[in-house]
Amino acid sequence: MATMLTILVVDDSPIIIGKLKVLLHTIGYKVIQTAENGKEAIEAYKQCKPDVVTMDITMPEMDGIEATQAIMSEFPDAKIVMVTSHGQEKMVLDALKAGAKGYVLKPFQQQKVYEAIQKACKRPVELHFC
Amino acid sequence: MRWEAGVPQKQLIIEVMESVIKRTRAYFKSEFDISVTKNKNMIGNMNEIALLDVTALIRIRGAINLLVVFSFETSLINAIYYLMTLDLGIEASEVEKYRKAAAGDVINIVLGHSTIDLQRLDMSGIKITPPKILNNTNAIREIKYTMFYTQHLETSLGNMAISLVGAEKLFSTNFCLME
């Protein structure tokens, strides 16, 4: 059986954090910490070293693109998947350029989040949640 | 300013509103199975703007420089809050916090999707601020922008109003409201 992935969830909405926690738990991942903005995300990453980060983009204090750049510069092996409502191509490109390994549009579906995380970790994707 | 050639500012306001309404309808239908219909619309000075019970706003920055305001009747935002948090087990003491978050999530998701429609208007990328919930409805009148364009929307669970607030130059005297 594969090791349970640990996840840091970053979002300024308590509803999104709550929904992602439920969804990730259902898939079989473990949410080990949450953060409400980019600055908190950087600190949380250093503290808990998760396998994967789900990162919102539009947040107060520091946005998700800046936080991704900061985490990637210090931890080049970090696996960050953007989970955001921003659909414009420029934002997707900026996120990938910052080092994000995946991009999921809100409102998210379980299968899309699962696939993005599995691909970020180079793990096989199974069609459990269609 | 980086206006795309051939897009007058008046037309830009209409294009933004049409995108926001289209994305609101699509989101409400797919996520909550709520149908949205257009009602009256109006344009006016900021001292005339009418807000409903719970109001969330986001600023769009860059070539499109507007404040977008979503204002909900209590019954509608309560229904959305309920549907969004069904599986979260919210404690009674946190209901108000999550109800406000629901209003913020709606405007954030709708505007995030609208950036897909509007991206050609600002090739440097449309920037939106995090949502802010208005605790004091009078606060919006202190915003430096001077005019608004409001579209009222109806649903079976309550009404809402979407307003675009901006500088007067965006709203020409020949501004034509589209039905």
# chains A, B, ... in the order shown; residues from 1 in each chain; ligands from 1
>>> interface_residues(of="chain A", to="chain B", cutoff="10 Å", atoms="only C-alpha atoms", output="ChimeraX atom specification")
/A:12-19,21-22,57-61,63,84-91,94,105-107
>>> select_by_dssp(residues="segment 72-166 of chain B", states="strand (DSSP E)", output="PDB file with C-alpha atoms, in the first residue's frame")
ATOM      1  CA  PHE B  72     -27.216  39.361  -1.360  1.00  0.00           C
ATOM      2  CA  LYS B 127      -5.390  41.228 -11.029  1.00  0.00           C
ATOM      3  CA  ILE B 128      -8.145  40.841  -8.455  1.00  0.00           C
ATOM      4  CA  LYS B 132     -13.796  41.958   1.431  1.00  0.00           C
ATOM      5  CA  ILE B 133     -17.076  41.721   3.314  1.00  0.00           C
ATOM      6  CA  LEU B 134     -18.716  45.023   4.153  1.00  0.00           C
ATOM      7  CA  MET B 147     -20.544  56.047 -10.263  1.00  0.00           C
ATOM      8  CA  PHE B 148     -22.113  52.604 -10.371  1.00  0.00           C
ATOM      9  CA  TYR B 149     -23.948  50.312 -12.752  1.00  0.00           C
ATOM     10  CA  THR B 150     -26.140  47.745 -11.009  1.00  0.00           C
ATOM     11  CA  GLN B 151     -27.845  44.660 -12.391  1.00  0.00           C
ATOM     12  CA  HIS B 152     -30.466  43.129 -10.105  1.00  0.00           C
ATOM     13  CA  LEU B 153     -30.834  39.348 -10.291  1.00  0.00           C
ATOM     14  CA  GLU B 154     -33.629  37.101  -9.063  1.00  0.00           C
ATOM     15  CA  THR B 155     -33.575  33.505  -7.886  1.00  0.00           C
ATOM     16  CA  GLY B 158     -33.829  35.372  -2.900  1.00  0.00           C
ATOM     17  CA  ASN B 159     -32.397  38.272  -4.836  1.00  0.00           C
ATOM     18  CA  MET B 160     -28.959  39.726  -5.345  1.00  0.00           C
ATOM     19  CA  ALA B 161     -27.446  42.748  -7.028  1.00  0.00           C
ATOM     20  CA  ILE B 162     -24.183  42.978  -8.931  1.00  0.00           C
ATOM     21  CA  SER B 163     -22.669  46.458  -9.179  1.00  0.00           C
ATOM     22  CA  LEU B 164     -19.672  47.759 -11.081  1.00  0.00           C
ATOM     23  CA  VAL B 165     -18.301  50.850  -9.426  1.00  0.00           C
ATOM     24  CA  GLY B 166     -15.809  53.102 -11.150  1.00  0.00           C
TER      25      GLY B 166
END
>>> select_by_dssp(residues="segment 89-173 of chain B", states="alpha helix (DSSP H)", output="VMD selection string")
chain B and resid 95 to 118
>>> write_last_selection(atoms="C-alpha atoms", output="compact mmCIF listing (two decimals), in the first residue's frame")
# COMPACT_ATOMS: atom_id res chain seq x y z
CA VAL B 95 -21.95 30.38 11.47
CA GLU B 96 -21.59 34.12 10.84
CA LYS B 97 -17.91 33.78 9.91
CA TYR B 98 -18.72 31.04 7.40
CA ARG B 99 -21.78 32.87 6.05
CA LYS B 100 -19.54 35.84 5.22
CA ALA B 101 -16.95 33.49 3.76
CA ALA B 102 -19.66 32.05 1.50
CA ALA B 103 -20.35 35.53 0.09
CA GLY B 104 -16.60 36.03 -0.43
CA ASP B 105 -16.22 32.66 -2.15
CA VAL B 106 -19.08 33.38 -4.57
CA ILE B 107 -17.64 36.69 -5.78
CA ASN B 108 -14.10 35.27 -5.87
CA ILE B 109 -15.06 32.25 -7.96
CA VAL B 110 -17.29 34.23 -10.33
CA LEU B 111 -14.66 36.92 -10.94
CA GLY B 112 -11.90 34.34 -11.25
CA HIS B 113 -13.90 32.70 -14.04
CA SER B 114 -14.67 36.07 -15.63
CA THR B 115 -10.95 36.68 -16.06
CA ILE B 116 -11.10 33.97 -18.74
CA ASP B 117 -13.61 36.07 -20.73
CA LEU B 118 -11.85 39.37 -20.09
>>> closest_residue(among="A:Gln111, A:Thr6, A:Thr68, A:Thr26", to="Gly99 of chain A", atoms="only C-alpha atoms")
A:Thr68
>>> closest_residue(among="B:Arg61, B:Arg25, B:Asn41, B:Ala56", to="Leu121 of chain B", atoms="only C-alpha atoms")
B:Arg61
>>> residues_around(residues="Leu23 of chain A", least_positions_apart="6", cutoff="9 Å", atoms="only C-alpha atoms", output="number ranges by chain")
A: 29, 109-110, 113
>>> write_last_selection(atoms="N, CA and C atoms", output="PDB file, in the first residue's frame")
ATOM      1  N   TYR A  29      -5.477  11.092   1.707  1.00  0.00           N
ATOM      2  CA  TYR A  29      -4.327  11.917   2.059  1.00  0.00           C
ATOM      3  C   TYR A  29      -4.522  12.481   3.468  1.00  0.00           C
ATOM      4  N   GLN A 109     -13.324  19.576  -8.384  1.00  0.00           N
ATOM      5  CA  GLN A 109     -13.916  18.238  -8.321  1.00  0.00           C
ATOM      6  C   GLN A 109     -12.874  17.300  -7.728  1.00  0.00           C
ATOM      7  N   GLN A 110     -13.352  16.303  -7.009  1.00  0.00           N
ATOM      8  CA  GLN A 110     -12.452  15.393  -6.317  1.00  0.00           C
ATOM      9  C   GLN A 110     -11.447  14.751  -7.279  1.00  0.00           C
ATOM     10  N   VAL A 113      -8.603  17.159  -8.347  1.00  0.00           N
ATOM     11  CA  VAL A 113      -7.623  17.405  -7.276  1.00  0.00           C
ATOM     12  C   VAL A 113      -6.731  16.180  -7.105  1.00  0.00           C
TER      13      VAL A 113
END
>>> closest_residue(among="B:Gln11, B:Thr146, B:Asn39, B:Ser156", to="Leu67 of chain B", atoms="only C-alpha atoms")
B:Thr146
>>> atom_distance(atom1="atom CA of Thr34 of chain A", atom2="atom CA of Ala67 of chain A")
14.0 Å
>>> atom_distance(atom1="atom CA of Val104 of chain A", atom2="atom CA of Thr54 of chain A")
9.3 Å
>>> decode(residues="segment 121-135 of chain B", atoms="N, CA, C and O atoms", output="PDB file, in the first residue's frame")
ATOM      1  N   LEU B 121      -8.543  41.874 -22.683  1.00  0.00           N
ATOM      2  CA  LEU B 121      -8.580  43.317 -22.418  1.00  0.00           C
ATOM      3  C   LEU B 121      -7.356  43.787 -21.640  1.00  0.00           C
ATOM      4  O   LEU B 121      -7.118  44.988 -21.531  1.00  0.00           O
ATOM      5  N   ASP B 122      -6.629  42.863 -21.046  1.00  0.00           N
ATOM      6  CA  ASP B 122      -5.453  43.243 -20.268  1.00  0.00           C
ATOM      7  C   ASP B 122      -4.415  42.131 -20.384  1.00  0.00           C
ATOM      8  O   ASP B 122      -4.403  41.192 -19.588  1.00  0.00           O
ATOM      9  N   MET B 123      -3.551  42.258 -21.388  1.00  0.00           N
ATOM     10  CA  MET B 123      -2.604  41.185 -21.678  1.00  0.00           C
ATOM     11  C   MET B 123      -1.549  41.032 -20.576  1.00  0.00           C
ATOM     12  O   MET B 123      -0.853  40.020 -20.512  1.00  0.00           O
ATOM     13  N   SER B 124      -1.434  42.042 -19.702  1.00  0.00           N
ATOM     14  CA  SER B 124      -0.462  41.900 -18.612  1.00  0.00           C
ATOM     15  C   SER B 124      -1.058  41.090 -17.448  1.00  0.00           C
ATOM     16  O   SER B 124      -0.392  40.844 -16.450  1.00  0.00           O
ATOM     17  N   GLY B 125      -2.314  40.664 -17.584  1.00  0.00           N
ATOM     18  CA  GLY B 125      -2.938  39.838 -16.549  1.00  0.00           C
ATOM     19  C   GLY B 125      -3.899  40.644 -15.686  1.00  0.00           C
ATOM     20  O   GLY B 125      -3.538  41.709 -15.182  1.00  0.00           O
ATOM     21  N   ILE B 126      -5.102  40.151 -15.547  1.00  0.00           N
ATOM     22  CA  ILE B 126      -6.095  40.839 -14.715  1.00  0.00           C
ATOM     23  C   ILE B 126      -5.843  40.468 -13.256  1.00  0.00           C
ATOM     24  O   ILE B 126      -5.796  39.283 -12.918  1.00  0.00           O
ATOM     25  N   LYS B 127      -5.656  41.492 -12.444  1.00  0.00           N
ATOM     26  CA  LYS B 127      -5.390  41.228 -11.029  1.00  0.00           C
ATOM     27  C   LYS B 127      -6.648  41.514 -10.219  1.00  0.00           C
ATOM     28  O   LYS B 127      -7.280  42.558 -10.417  1.00  0.00           O
ATOM     29  N   ILE B 128      -7.005  40.592  -9.343  1.00  0.00           N
ATOM     30  CA  ILE B 128      -8.145  40.841  -8.455  1.00  0.00           C
ATOM     31  C   ILE B 128      -7.691  40.723  -7.005  1.00  0.00           C
ATOM     32  O   ILE B 128      -6.803  39.931  -6.687  1.00  0.00           O
ATOM     33  N   THR B 129      -8.292  41.553  -6.154  1.00  0.00           N
ATOM     34  CA  THR B 129      -7.929  41.528  -4.741  1.00  0.00           C
ATOM     35  C   THR B 129      -8.703  40.416  -4.027  1.00  0.00           C
ATOM     36  O   THR B 129      -9.710  39.932  -4.556  1.00  0.00           O
ATOM     37  N   PRO B 130      -8.278  40.017  -2.851  1.00  0.00           N
ATOM     38  CA  PRO B 130      -9.102  39.083  -2.071  1.00  0.00           C
ATOM     39  C   PRO B 130     -10.454  39.736  -1.756  1.00  0.00           C
ATOM     40  O   PRO B 130     -10.543  40.961  -1.675  1.00  0.00           O
ATOM     41  N   PRO B 131     -11.505  38.930  -1.586  1.00  0.00           N
ATOM     42  CA  PRO B 131     -12.819  39.526  -1.287  1.00  0.00           C
ATOM     43  C   PRO B 131     -12.838  40.204   0.080  1.00  0.00           C
ATOM     44  O   PRO B 131     -12.152  39.770   1.008  1.00  0.00           O
ATOM     45  N   LYS B 132     -13.619  41.261   0.156  1.00  0.00           N
ATOM     46  CA  LYS B 132     -13.796  41.958   1.431  1.00  0.00           C
ATOM     47  C   LYS B 132     -15.298  41.981   1.713  1.00  0.00           C
ATOM     48  O   LYS B 132     -16.094  42.252   0.812  1.00  0.00           O
ATOM     49  N   ILE B 133     -15.659  41.701   2.942  1.00  0.00           N
ATOM     50  CA  ILE B 133     -17.076  41.721   3.314  1.00  0.00           C
ATOM     51  C   ILE B 133     -17.356  43.039   4.013  1.00  0.00           C
ATOM     52  O   ILE B 133     -16.649  43.412   4.953  1.00  0.00           O
ATOM     53  N   LEU B 134     -18.384  43.726   3.556  1.00  0.00           N
ATOM     54  CA  LEU B 134     -18.716  45.023   4.153  1.00  0.00           C
ATOM     55  C   LEU B 134     -19.521  44.821   5.428  1.00  0.00           C
ATOM     56  O   LEU B 134     -20.596  44.235   5.406  1.00  0.00           O
ATOM     57  N   ASN B 135     -18.978  45.292   6.538  1.00  0.00           N
ATOM     58  CA  ASN B 135     -19.739  45.227   7.788  1.00  0.00           C
ATOM     59  C   ASN B 135     -20.638  46.435   7.926  1.00  0.00           C
ATOM     60  O   ASN B 135     -21.713  46.378   8.510  1.00  0.00           O
TER      61      ASN B 135
END
